[in-house]
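Below: the structure, in structure tokens.
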Amino acid sequence: MSKMSESPIKKSRALPASSTTSSVSSCSICNEEFDSRNKLFKHLAICRVIDGNKRDADNTTISKYLEDNKDGDIYLYVLGGRLRGRTLRTCERYSFRMNKWEETIHLEENRGSHTAAGIVNKGLVYVLGGGGMQSNLNSGEVFSIKSNKWSPIPPSSKARHAHSSCSVIFTEDHHQLYVIGGWIDGKECTSSIECYDSIKNVWEEKNSLVLPRKLFGSTYHKGTNSIYCFGGLIDNLLCTNRVEAYSLDKNCMSECVTLPFVGSTSAITTNKDQIYVVIHGKAIVLYDPLLQTFTILATLPLKEWFCFDISYFGMYSLIYSDIYILIQSPTIFRRQNISSWWCC
Ligand SMILES: [Zn+2]
């Protein structure tokens with residue numbers, strides 16, 4: 001760890017004032033050279049994050065958790081969805097210990113284009129809204145891993161699908177679920193935001209998005225006490241790169257710096273309060289809400305790869321779709337050995 005105390009800037013040599021080609025400084029973490037201190041400082045902001053994550057990742061790997069917790073397991077749940085025009089009730093989970101998929105208790109209602117949010121420390125998984133057998137749903141259900149059972153939660157005021165949702169955890173027993181935007185009445189995007197509070201057991205309307213949208217990712221960031229909403233579609237065809245932040249303190253939205261690409265997105269905040277956004281078909285980016293910067297970490301390993309979701313364990317992001325789980329940590333893709341059929 002001696003590296004931590006050293007200055008991360010390595011001076012190469014003093015340059016004559018006329019020189020325009022040689023590098024002036026290099027990064028002591030990765031040795032990359034830069035021709036201006038500005039570029040180096042920009043690079044360092046990212047390099048420190050990636051380097052820190054690499055070291056932390058060693059202590060939070062999935063295999064290390066399973067080794068330390070002999071009776072424990074890590075599950076990835078896949079809940080309902082659509083398969084060749086059918087809307088499903090079926091649920092499956094992937095056991096990282098067994099390295100296989102297993103069927104689990106079915107949803108009470110068939111639903112697709114819904115969202116799911118987990119309250120991991122309570123062993124609870126919520127599904128919210130979506131398209132049902134007849135029409136869009138305003139219902140929600142919660143699965144308790146302990147009691148192995150689904151139970152309904154009160155309905156929200158709007159029936160929506162292709163919306164976004166995220167959880168905000170205040171204490172072990174107090175959390176909120178936000179549902180944001182989505183497609184309503186079969187014809188338009190909504191800007192509506194509603195919040196379910198686990199203690200009051202009721203939904204509450206919040207101030208709306210500036211830009212109505214669907215098929216986008218949102219995630220909560222503790223440091224700014226805000227929920228960030230990234231990109232998405234504003235109608236059936238048109239993608240946006242606009243980003244908005246909902247401040248829980250002020251109950252209002254503000255516009256942020258735009259994404260480097262337009263597109264639908266999935267977003268996650270890791271346990272280090274870092275936000276990763278996957279822009280579908282394009283790239284994985286790191287978002288810094290304080291500096292208002294996006295950094296492209298990697299392009300996706302499959303060209304034009306869409307329709308997946310993202311989750312995380314420790315420092316690892318799990319990106320999953322119909323055939324792959326990719327573990328990204330955060331610069332290396334690893335393809336998990338999964339071959340059985342599933343649907344997200
Ligand atoms: Zn570097």
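By order in the structure tokens, chains are A, B, ...; within a chain, residues start at 1; ligands start at 1, following the order shown.
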
Near-Ile46 of chain A list (10 Å; only C-alpha atoms; drop same-chain fewer than 6 positions) as an NGL selection string
:A and (52 or 286 or 288 or 294-297)

Deliver the residues from the most recent selection as a file, using N, CA and C atoms, as an mmCIF file, in the first residue's frame.
data_model
loop_
_atom_site.group_PDB
_atom_site.id
_atom_site.type_symbol
_atom_site.label_atom_id
_atom_site.label_comp_id
_atom_site.auth_asym_id
_atom_site.auth_seq_id
_atom_site.Cartn_x
_atom_site.Cartn_y
_atom_site.Cartn_z
ATOM 1 N N GLY A 52 -8.448 1.438 -7.071
ATOM 2 C CA GLY A 52 -9.036 1.173 -5.755
ATOM 3 C C GLY A 52 -10.009 0.017 -5.827
ATOM 4 N N LEU A 286 -18.855 5.291 -16.228
ATOM 5 C CA LEU A 286 -18.830 5.633 -14.810
ATOM 6 C C LEU A 286 -19.302 7.081 -14.713
ATOM 7 N N ASP A 288 -19.806 10.434 -12.336
ATOM 8 C CA ASP A 288 -19.474 11.112 -11.091
ATOM 9 C C ASP A 288 -20.447 12.272 -10.908
ATOM 10 N N PHE A 294 -18.874 11.900 -17.170
ATOM 11 C CA PHE A 294 -19.025 10.510 -17.571
ATOM 12 C C PHE A 294 -17.688 10.031 -18.110
ATOM 13 N N THR A 295 -17.301 8.848 -17.718
ATOM 14 C CA THR A 295 -16.085 8.265 -18.253
ATOM 15 C C THR A 295 -16.433 6.927 -18.886
ATOM 16 N N ILE A 296 -16.058 6.768 -20.142
ATOM 17 C CA ILE A 296 -16.339 5.496 -20.815
ATOM 18 C C ILE A 296 -15.326 4.473 -20.326
ATOM 19 N N LEU A 297 -15.811 3.406 -19.688
ATOM 20 C CA LEU A 297 -14.910 2.385 -19.146
ATOM 21 C C LEU A 297 -14.655 1.280 -20.152
#

Selection within 9 Å of ligand 1 by only C-alpha atoms and all ligand atoms, output as a PDB file with C-alpha atoms, in the first residue's frame:
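Contents of the output file out05.pdb:
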ATOM      1  CA  PRO A   8       0.356   9.640  -8.310  1.00  0.00           C
ATOM      2  CA  SER A  26       2.887   9.880 -16.550  1.00  0.00           C
ATOM      3  CA  CYS A  27       0.494   8.173 -14.192  1.00  0.00           C
ATOM      4  CA  SER A  28       2.307   6.240 -11.491  1.00  0.00           C
ATOM      5  CA  ILE A  29      -0.605   3.824 -11.195  1.00  0.00           C
ATOM      6  CA  CYS A  30      -0.753   2.597 -14.798  1.00  0.00           C
ATOM      7  CA  ASN A  31       2.258   4.366 -16.381  1.00  0.00           C
ATOM      8  CA  GLU A  32       0.217   5.935 -19.165  1.00  0.00           C
ATOM      9  CA  GLU A  33       1.880   9.112 -20.465  1.00  0.00           C
ATOM     10  CA  LEU A  40      -3.209  13.662 -16.598  1.00  0.00           C
ATOM     11  CA  HIS A  43      -7.073  10.512 -16.212  1.00  0.00           C
ATOM     12  CA  LEU A  44      -6.100  10.261 -12.536  1.00  0.00           C
ATOM     13  CA  ALA A  45      -9.675  10.778 -11.373  1.00  0.00           C
ATOM     14  CA  ILE A  46     -10.587   7.560 -13.182  1.00  0.00           C
ATOM     15  CA  CYS A  47      -7.393   5.614 -12.670  1.00  0.00           C
ATOM     16  CA  ARG A  48      -7.619   5.992  -8.869  1.00  0.00           C
ATOM     17  CA  ILE A  50     -10.340   1.679 -11.049  1.00  0.00           C
ATOM     18  CA  ASP A  51      -7.194   0.878  -9.081  1.00  0.00           C
TER      19      ASP A  51
END

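Shortest atom-to-atom contact with Pro289 of chain A among A:Ser266, A:Tyr246, A:Thr258, A:Thr224: A:Thr224, counting only C-alpha atoms.
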
List as a PyMOL selection string the protein and nucleic acid residues near segment 227-242 of chain A, meaning an atom at most 7 Å away when only C-alpha atoms are counted, but skip any in the same chain fewer than 4 places from it.
chain A and resi 188-189+212-221+246-247+258-259+261-265

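Atom pair atom CA of Ser95 of chain A / atom CA of Leu76 of chain A: separated by 6.9 Å.
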
In terms of the shortest atom-to-atom distance over only C-alpha atoms, which of A:Asn201, A:Val142, A:Leu137, A:Thr171 is closest to Trp183 of chain A?
A:Leu137

Please provide as number ranges by chain all residues within 10 Å of Gly131 of chain A, with the sequence filter that same-chain residues fewer than 4 positions apart are discarded (counting only C-alpha atoms).
A: 81-82, 87, 110-114, 135-138, 159-162, 183

Could you give me, as a PyMOL selection string, each residue of segment 14-209 of chain A that DSSP assigns to alpha helix (DSSP H) when run on this structure's backbone?
chain A and resi 37-59+62-68

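Between Asp197 of chain A and the residues A:Glu103, A:Glu92, A:Asp173, A:Asp185, the shortest atom-to-atom distance, using only C-alpha atoms, involves A:Asp173.
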
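For Leu300 of chain A, the set of protein, DNA and RNA residues having any atom at most 7 Å away, when counting only C-alpha atoms and skipping those fewer than 5 positions along the same chain, is Lys282, Ala283 and Ile284 of chain A.
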
What parts of segment 13-250 of chain A does DSSP call strand (DSSP E or B)? I'd like the answer as a count of residues only.
105

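Atom CA of Thr104 of chain A is found 12.4 Å from atom CA of Ser147 of chain A.
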
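Distance-wise, atom CA of Cys252 of chain A and atom CA of Val210 of chain A end up 9.5 Å apart.
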
Fewer than 6 positions away in the same chain doesn't count, so skip those; otherwise give me all residues within 8 Å of Ile105 of chain A, counting only C-alpha atoms, as an MDAnalysis selection string.
chainID A and resid 90:91 148:150
